[in-house]
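Visitor: To start, I am sharing the structure in question, which I have written as structure tokens.
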Amino acid sequence: MDGDINATAPGTTPPDTDPARKRRVHGMLKLYYGLNEEGKTVDQAESMDPCDINGPHFDPEVYLNKLRRECSLGELMDQETCMVKQIRSLDSDMQTLVYENYNKFISATDTIRKMKNDFKKMEDEMDCLSTNMASITDFSARISGTLQDQHAQITKLSGVHTLLRKLQFLFELPARLNKCLELQAYAQAVSSHRRARCVLQQYSHMPSFRGIQDDCHAIMDKLAQELRQKFRDGGSSAKDLSECVELLLQLDEPAEELCDKFLSHAQSRLEADLLGLEAELRPPLSYGPTAVTDPYTGPAHRLSVEPTAGSPTGPSSLNNPFLSPSSRTDILEFIDRGCNEFVSSLCLVIASYQELFVNRPQEGELASKNIPQMAIGKLHAFVDALATRYFSLVERRIQEEKSVGDNSLLVRALDRFHRRLQAVAKLLPGSAVPSQGTEIVVRAARERIKQYLAALQSFYLNSLTDVRQALAAPRLGGSSAGVGSHLGGPATGKEAPASLPELLSTLSASILNQIKSVLASVHLFTAKDITFSNKPYFKGDFCSHGVRESLVVNFIKFVCQSSRQFCESAGDRGGSTPPALLLLLSRLCLDYETSTITYILTLTDEQFLVQHHSPVTAVTALCGEAREAAQKLLNHYVKVQGLIISQMLRKSVETRDWVNTIEPRNVRAVMKRVVEDTTSIDVQVGLLYEEGVRKAHSSDSSKRTFSVYSSSRQQTRYAPSYTPSAPMDTNLLSNIHKLFSERVEIFSPVEFNKVSVLTGIIKISLKTFLECVRLRTFGRYGLQQIQVDCHYLQMYLWRFVSDENLVHFLLDEIVGSTAHRCLDPAPMEQSVIEVICERG
Amino acid sequence: MYQPYLVLQARALTSQTAESDAIRFLVGTQSLKFDNQIHIIDFDDENNIISKSVLQHQAGEIWHISASPADKAVLTTCYNKSEAPALSLSQLGASVFPAQVVSSESRVVTCGAVWRMPPEWESGSHESPDDPHNSHNPQNLELLCHLDNSSHGNASCVLWEPMGDGKHVISLADNHALLWDLTESSTQATISSSATLEGKGQLKFTAGKWSPHHNCTQLATANDTAIRGWDLRTMSQIYCIENAHGQLVRDLDFNPNKQYYLASCGDDCKVKFWDVRNINEPVKTLEEHSHWVWSVRFNHSHDQLVLTGSSDSRVILSNMVSISSEPFGHLVDDDDLSDGEDNHQDEKTQEPLQDSIISTYEEHEDSVYAVEWSSADPWLFASLSYDGRLVINRVPRALKYHILL
């Protein structure tokens, strides 16, 4: 059957050579033996075909019939040969397999036989071993049985021995303790006592032990006494002390008491330091030779010459706060002393205390008492109390530091102060002391800024006084030649106007220098090598609020405010402030507005790297304030100068009897004075302010003719028969109408230029003239005099103002009003007026 | 709002104090060449018509005018008189000036006089403001008496006793304050007492005001920069505000409702309010004008309304609520509105007004030397500028209702 199947399988290649074929053969064999695991389903599908020669349902009859039906003879022949070939190869395969299997079976049989022999030998050896073991067990049992009694005896003996030794120790204890006490070997004594203590305690009901215990107690009490004494003496070294404390602790001395004692002991020493410091704070009379420094030479080397080079000097520099000397030990020495004495001993105390009470390894029953917590609590209270006193002393000292001469001293002192407190911080992590110290530093810095502001302000005021004097001095010289001559100058007369720009530049330069030097001084607070400079306050708030706002901005505001005060307090009579000072300050404020404020603030921001966390005063706001101040000052200047000229004019109008005056022969002196004054004002203003714009001039303004009745239009309506002698200038009338509609503001704000200032002054003066004239009654010659005066003013004043029409209009009004107020209005010939005026 | 031209220059203005029905102002002109006149300006509030009557004041140019509080026909003027030998303005008439009359001897003095308006002026010379030539024989004022003070110098103003019976006047002449008693018919005046300001230099009263408080026993005067108070019973000084203003003090006025409050104005362009019990500091200062302030007036009924006139040609009406007698609005019932107002009071008190400028009137083209409230209508006032323009204005309606309601 097999052969049949295999014979029908087609095969063309030799069976050994092709692995694929070999596998197929294996597969088939597996199939045959029901070992198939792969491709089962596939075979299943195919297997139903009865013509599949490899399928399980192969039907040879059907296959043959099929072949016979389908194939030709040749094909059948081929099929047959092929099948025969396959059958043969299958046969040979089978033979090979059978042979191989047989060989394997033979070798396996051999191996099994060999193993059987080996096991036999092993079994014998095992038997031997078990017999040996049995005999050993037997022997061992016998030995232990013999030794049992002796062993028990030995154990008992050794126990008795130890007990005896202990007892001996106990009996010897008092003597030993005494000896230790004599030798001052406290540590040994304590450890001995500690070893015995429990036993003694336990057996205290027995009289002998009781005696020992009492003896020991007595000795130990003595010892403790001695230790305490030693502890109290305090002269001993830290190590001794710590030993002391340790022993005392072991002697069940209450830790709290020890802490207190230790601290109170330390306190007395620290307080001595504090008292020493306090002594320095007292007035110089009360302290001993330790702190004596010659008030003139001692601190002087520290207070080096203050960089106020730009200041114009003078008597004011005597009370310059930058130079006031301090008469005692300077702050650096003080702080040094405080650091070296107080802070370092405090640190020492803290360290040893912690060594003693806090950081000791806790053993036995001591651990349960929570000593460190208690001890730390006590230490904090102690340190806080002392530090508070120390701080109050330091603060008092800092507050005494009023002189702002050398800030580096203070900063260094503060730095040292702060740096030393860091040690405390390291030793005592939770303590509030360092933060309090930082607060003191911050307060000192704030205070310092305030002092600098005050110093700047007083410097500014002093500078102003100097300027005032400088302004006043040449004027005195000019007014009386005798006074001026000894100053050795033909220049005295000219000095007044020439020095105005110089004064301005010196003033602003010295202020700027002062600000810079103050900034430099304050900058020390934020220097890199200063420990507290990296505190958040000094990084942020100090720069923005402290320096920028409190110092710089406030100073600028102060400048503006004090300038404004000149306008108000100088007030109503206008006398107290020299007008030149007003002008100068106005220019100063204007300069501040245009450049200086921006410069100073930029400088500050750069130096202090101000980060604006909180809103700060904007530059524009400050500039606005400065400009406002400048405007106010200039307005006031105009008002004051206008007033001076007005007063002259008013007096000249009010005091004269205009009805009974004589025919005018020349211009009144007061008019010349007005023109002179105006000219000198013009020069003065020109020194500080630019020219400004003016409207176009007519070709020859001075030659203009006045129309006496220009504003008497109602008159002509009322009395047409009345013909004015001067021709009516209709053009001018319309012109006046125009001016009327524009309305002349008399005390109006002026612009920052010369022409506008002069226009303001002239407006005020002429309006006063007009109003005064209207209150008087004139005779014929009075009118003519006014005509002459007005023409004279006309000749000289037009050049000062922005719009000469304004002068024309006001002078027209004056002459017109005079004509109205004239009992006998017979105007003077224009040509005569001109002649008189040109004659001067 | 109404602007009659007086054709002549003028700086004297008063309301007819004794007249409580008609809104009437008196203006005195200033001219050296023509006959001076008293213009009686009547304002018909209902029809908005303004009418003018003219009375001749031939004695001279009028510097100050003041109406009797008792008799509406009686008034006083201060006028300039040229004492030239040949010159008498009243005789010369209005047209021609012979040049030679002003001799070197001539002298100008200011005198005060009491006048009576002729009873028939109202029927007589009504004049339209547009027709200045229609001056058909204007009537003359009837001279009652001279306040003859030749020994005391030039009179700067004459003050009637406020709310009095028209029997007492004070004239300020140079450095003298003279209290005159008038007879029943006002035809004779005798000096009953006088006070003299002593001091260095030529002292001269520039302005004065008779206080309506304290039984009319106080007078305030201004000379140069100082304000002085006088007790009329003893004719002695009771207070002196030195340097009240930076420059000349031009005018004074008493708050009609607060007895110690005084307003002053002057050449420093300021208006100051004083409590005379504390003269070191003004209570309040206004700086709104841009030139000298010549006149200041409290409203007679509502003293928060303050009127000022200045030579910057402006009139400013201010609302000085904070120092008025009605600081929180109108708390006391006015006589005019007695009922139905109480329920509104509470609402107003909640929003106190701020001191403020109510309005600036710029109708004038020349310096304003006088402003005056109407004595008949508390909401109406007149202002007079040097060019002769009289402007009558009303307090803005909104403010009026705010104050009233």
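Labeling convention for the structure tokens: chains A, B, ... as they appear, residues from 1 per chain, ligands from 1 in order of appearance.
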Write out as a PyMOL selection string all residues of segment 139-369 of chain B that DSSP puts in alpha helix (DSSP H) for this structure's backbone.
Guide: chain B and resi 342-349
Visitor: Atoms to include: N, CA and C atoms. Write the selected residues as a PDB file, in the first residue's frame.
Guide:
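New file out28.pdb:
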ATOM      1  N   ASP B 342     -39.218 124.951  51.335  1.00  0.00           N
ATOM      2  CA  ASP B 342     -38.517 124.212  52.383  1.00  0.00           C
ATOM      3  C   ASP B 342     -38.135 122.807  51.960  1.00  0.00           C
ATOM      4  N   ASN B 343     -39.019 122.205  51.190  1.00  0.00           N
ATOM      5  CA  ASN B 343     -38.724 120.819  50.830  1.00  0.00           C
ATOM      6  C   ASN B 343     -37.549 120.710  49.876  1.00  0.00           C
ATOM      7  N   HIS B 344     -37.165 121.823  49.308  1.00  0.00           N
ATOM      8  CA  HIS B 344     -36.001 121.755  48.414  1.00  0.00           C
ATOM      9  C   HIS B 344     -34.696 121.988  49.156  1.00  0.00           C
ATOM     10  N   GLN B 345     -34.826 122.481  50.354  1.00  0.00           N
ATOM     11  CA  GLN B 345     -33.604 122.890  51.045  1.00  0.00           C
ATOM     12  C   GLN B 345     -32.639 121.726  51.222  1.00  0.00           C
ATOM     13  N   ASP B 346     -33.196 120.602  51.631  1.00  0.00           N
ATOM     14  CA  ASP B 346     -32.320 119.494  51.988  1.00  0.00           C
ATOM     15  C   ASP B 346     -31.471 119.044  50.811  1.00  0.00           C
ATOM     16  N   GLU B 347     -32.074 119.069  49.656  1.00  0.00           N
ATOM     17  CA  GLU B 347     -31.344 118.568  48.491  1.00  0.00           C
ATOM     18  C   GLU B 347     -30.129 119.438  48.187  1.00  0.00           C
ATOM     19  N   LYS B 348     -30.310 120.717  48.381  1.00  0.00           N
ATOM     20  CA  LYS B 348     -29.205 121.594  47.986  1.00  0.00           C
ATOM     21  C   LYS B 348     -28.023 121.492  48.932  1.00  0.00           C
ATOM     22  N   THR B 349     -28.349 121.253  50.181  1.00  0.00           N
ATOM     23  CA  THR B 349     -27.247 121.222  51.135  1.00  0.00           C
ATOM     24  C   THR B 349     -26.273 120.091  50.835  1.00  0.00           C
TER      25      THR B 349
END
Visitor: Tell me which protein, DNA and RNA residues are within 7 Å of segment 210-215 of chain B, counting only C-alpha atoms, leaving out same-chain ones fewer than 4 positions away, and put them as a short mmCIF file (atom, residue, chain, number, x, y, z; two decimals) with C-alpha atoms, in the first residue's frame.
Guide:
data_model
loop_
_atom_site.label_atom_id
_atom_site.label_comp_id
_atom_site.auth_asym_id
_atom_site.auth_seq_id
_atom_site.Cartn_x
_atom_site.Cartn_y
_atom_site.Cartn_z
CA LEU B 159 -20.53 158.16 51.85
CA GLU B 161 -24.97 156.37 56.26
CA PRO B 162 -26.16 152.98 55.12
CA LEU B 219 -15.94 153.06 58.72
CA ALA B 220 -13.27 151.44 56.62
CA PHE B 254 -18.53 145.29 53.38
CA PRO B 256 -23.86 143.05 53.89
CA GLN B 259 -20.38 141.90 59.88
#
Visitor: Could you please determine the separation between atom CA of Ala10 of chain B and atom CA of His808 of chain A in Å, to one decimal place?
Guide: 24.4 Å
Visitor: Just checking: using only C-alpha atoms, which residue out of B:Asn175, B:Asn393, B:Ser313, B:Asn280 ends up closest to Ala222 of chain B?
Guide: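 That would be B:Asn175, the residue with the smallest distance to Ala222 of chain B.
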Visitor: Can you list, as a list in words, every protein, DNA or RNA residue that comes within 8 Å of Glu663 of chain A when you count only C-alpha atoms, leaving out same-chain residues fewer than 5 positions away?
Guide: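 Within the cut-off, the hits are Tyr781, Gly782, Gln784 and Gln785 of chain A.
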Visitor: Filtering to all heavy atoms, could you give me those residues as a tab-separated table (two decimals), in the first residue's frame?
Guide:
chain	number	residue	atom	x	y	z
A	781	TYR	N	0.37	173.17	28.95
A	781	TYR	CA	1.76	172.75	28.89
A	781	TYR	C	1.95	171.35	29.48
A	781	TYR	O	2.87	170.63	29.12
A	781	TYR	CB	2.66	173.75	29.59
A	781	TYR	CG	2.61	175.11	28.92
A	781	TYR	CD1	2.35	176.27	29.63
A	781	TYR	CD2	2.80	175.18	27.54
A	781	TYR	CE1	2.29	177.49	29.01
A	781	TYR	CE2	2.73	176.41	26.90
A	781	TYR	CZ	2.48	177.57	27.63
A	781	TYR	OH	2.42	178.77	27.00
A	782	GLY	N	1.03	171.02	30.36
A	782	GLY	CA	1.06	169.64	30.87
A	782	GLY	C	0.89	168.67	29.73
A	782	GLY	O	1.63	167.69	29.60
A	784	GLN	N	1.45	169.18	26.64
A	784	GLN	CA	2.59	169.23	25.73
A	784	GLN	C	3.77	168.44	26.31
A	784	GLN	O	4.48	167.75	25.59
A	784	GLN	CB	2.98	170.69	25.47
A	784	GLN	CG	1.90	171.38	24.63
A	784	GLN	CD	2.23	172.83	24.32
A	784	GLN	OE1	3.22	173.36	24.83
A	784	GLN	NE2	1.41	173.45	23.51
A	785	GLN	N	3.92	168.56	27.63
A	785	GLN	CA	5.00	167.79	28.26
A	785	GLN	C	4.80	166.29	28.05
A	785	GLN	O	5.71	165.56	27.72
A	785	GLN	CB	5.06	168.12	29.76
A	785	GLN	CG	6.19	167.43	30.50
A	785	GLN	CD	7.56	167.93	30.07
A	785	GLN	OE1	7.88	169.11	30.21
A	785	GLN	NE2	8.36	167.04	29.51
Visitor: From the options B:Asn48, B:Thr110, B:Ser295, B:Gln304, which residue's atoms come nearest to chain A, counting only C-alpha atoms?
Guide: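 Nearest candidate to chain A out of B:Asn48, B:Thr110, B:Ser295, B:Gln304: B:Thr110.
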Visitor: So which residues of segment 183-305 of chain B fall under strand (DSSP E) by DSSP, listed as number ranges by chain?
Guide: B: 189-196, 205-210, 218-223, 226-231, 236-241, 249-254, 261-266, 271-275, 284-286, 293-298, 305
Visitor: When you count only C-alpha atoms, which of these residues is closest to chain B: A:Ser107, A:Thr768, A:Ser508, A:Asn660?
Guide: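 For chain B, the nearest of the given residues is A:Asn660.
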Visitor: To one decimal place in Å, what is the distance between atom CA of Val553 of chain A and atom CA of Pro749 of chain A?
Guide: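 Computing the Euclidean distance for atom CA of Val553 of chain A and atom CA of Pro749 of chain A yields 26.7 Å.
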Visitor: I'd like the interatomic distance between atom CA of Phe209 of chain A and atom CA of Gln250 of chain A, to a tenth of an Å.
Guide: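 Computing it gives 22.0 Å between the two atoms.
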Visitor: Any idea what's packed within 8 Å of Cys259 of chain A, counting only C-alpha atoms, ignoring anything in its chain fewer than 3 positions away? Could you give it as JSON, numbers by chain?
Guide: {"A": [255, 256, 262, 263, 357, 375, 378]}
Visitor: Write out as a compact mmCIF listing (two decimals) with N, CA, C and O atoms, in the first residue's frame each polymer residue whose atoms come within 9 Å of Ile350 of chain A, counting only C-alpha atoms; drop sequence neighbours fewer than 2 positions from it.
Guide:
# COMPACT_ATOMS: atom_id res chain seq x y z
N SER A 345 32.17 88.41 71.37
CA SER A 345 31.93 87.61 72.57
C SER A 345 30.55 86.99 72.53
O SER A 345 30.36 85.87 73.02
N LEU A 346 29.64 87.67 71.94
CA LEU A 346 28.30 87.09 71.81
C LEU A 346 28.38 85.80 70.99
O LEU A 346 27.80 84.78 71.33
N CYS A 347 29.12 85.88 69.90
CA CYS A 347 29.27 84.72 69.05
C CYS A 347 29.90 83.58 69.84
O CYS A 347 29.48 82.42 69.74
N LEU A 348 30.91 83.94 70.60
CA LEU A 348 31.60 82.94 71.41
C LEU A 348 30.61 82.28 72.36
O LEU A 348 30.57 81.05 72.50
N SER A 352 29.70 78.35 72.33
CA SER A 352 29.97 77.42 73.42
C SER A 352 28.67 76.92 74.02
O SER A 352 28.56 75.76 74.39
N TYR A 353 27.71 77.78 74.08
CA TYR A 353 26.41 77.38 74.62
C TYR A 353 25.83 76.25 73.79
O TYR A 353 25.37 75.25 74.32
N GLN A 354 25.93 76.47 72.47
CA GLN A 354 25.36 75.44 71.62
C GLN A 354 26.15 74.16 71.77
O GLN A 354 25.60 73.06 71.80
N GLU A 355 27.44 74.33 71.85
CA GLU A 355 28.30 73.17 72.07
C GLU A 355 27.86 72.43 73.32
O GLU A 355 27.75 71.21 73.35
N LEU A 379 18.37 80.50 74.69
CA LEU A 379 19.43 81.22 73.98
C LEU A 379 18.84 82.34 73.14
O LEU A 379 19.34 83.46 73.11
N VAL A 383 19.85 86.12 73.46
CA VAL A 383 20.48 86.87 72.36
C VAL A 383 19.61 88.04 71.95
O VAL A 383 20.10 89.15 71.73
N VAL A 424 26.45 85.72 63.60
CA VAL A 424 25.36 85.35 64.50
C VAL A 424 24.32 84.56 63.74
O VAL A 424 23.79 83.56 64.22
N LEU A 427 25.44 81.09 63.31
CA LEU A 427 25.43 80.33 64.55
C LEU A 427 24.02 80.03 65.01
O LEU A 427 23.74 78.98 65.55
N LEU A 428 23.17 80.96 64.78
CA LEU A 428 21.84 80.86 65.34
C LEU A 428 20.84 81.05 64.21
O LEU A 428 20.32 82.13 64.01
Visitor: For chain A, which residue among B:Cys240, B:Leu405, B:Cys269, B:Ile316 is the nearest when counting only C-alpha atoms?
Guide: B:Cys269
Visitor: With distances taken over only C-alpha atoms, which residue among A:Ala626, A:Ile376, A:Ile398, A:Cys51 lies nearest Ser595 of chain A?
Guide: A:Ala626
Visitor: Just want the 6 Å neighbourhood of Trp294 of chain B, counted on only C-alpha atoms, with same-chain residues fewer than 2 positions away dropped. Output as an mmCIF file with N, CA, C and O atoms, in the first residue's frame.
Guide:
data_model
loop_
_atom_site.group_PDB
_atom_site.id
_atom_site.type_symbol
_atom_site.label_atom_id
_atom_site.label_comp_id
_atom_site.auth_asym_id
_atom_site.auth_seq_id
_atom_site.Cartn_x
_atom_site.Cartn_y
_atom_site.Cartn_z
ATOM 1 N N ARG B 250 -7.769 150.156 45.883
ATOM 2 C CA ARG B 250 -8.645 151.004 45.075
ATOM 3 C C ARG B 250 -10.067 151.054 45.599
ATOM 4 O O ARG B 250 -10.762 152.033 45.384
ATOM 5 N N GLY B 309 -14.636 145.100 38.888
ATOM 6 C CA GLY B 309 -14.348 145.758 37.626
ATOM 7 C C GLY B 309 -12.895 146.173 37.601
ATOM 8 O O GLY B 309 -12.332 146.562 38.625
ATOM 9 N N SER B 310 -12.285 146.065 36.425
ATOM 10 C CA SER B 310 -10.842 146.260 36.363
ATOM 11 C C SER B 310 -10.452 147.044 35.128
ATOM 12 O O SER B 310 -11.204 147.123 34.153
ATOM 13 N N TYR B 369 -14.168 151.370 35.668
ATOM 14 C CA TYR B 369 -13.828 151.972 36.952
ATOM 15 C C TYR B 369 -14.907 151.771 38.001
ATOM 16 O O TYR B 369 -14.673 152.002 39.172
#
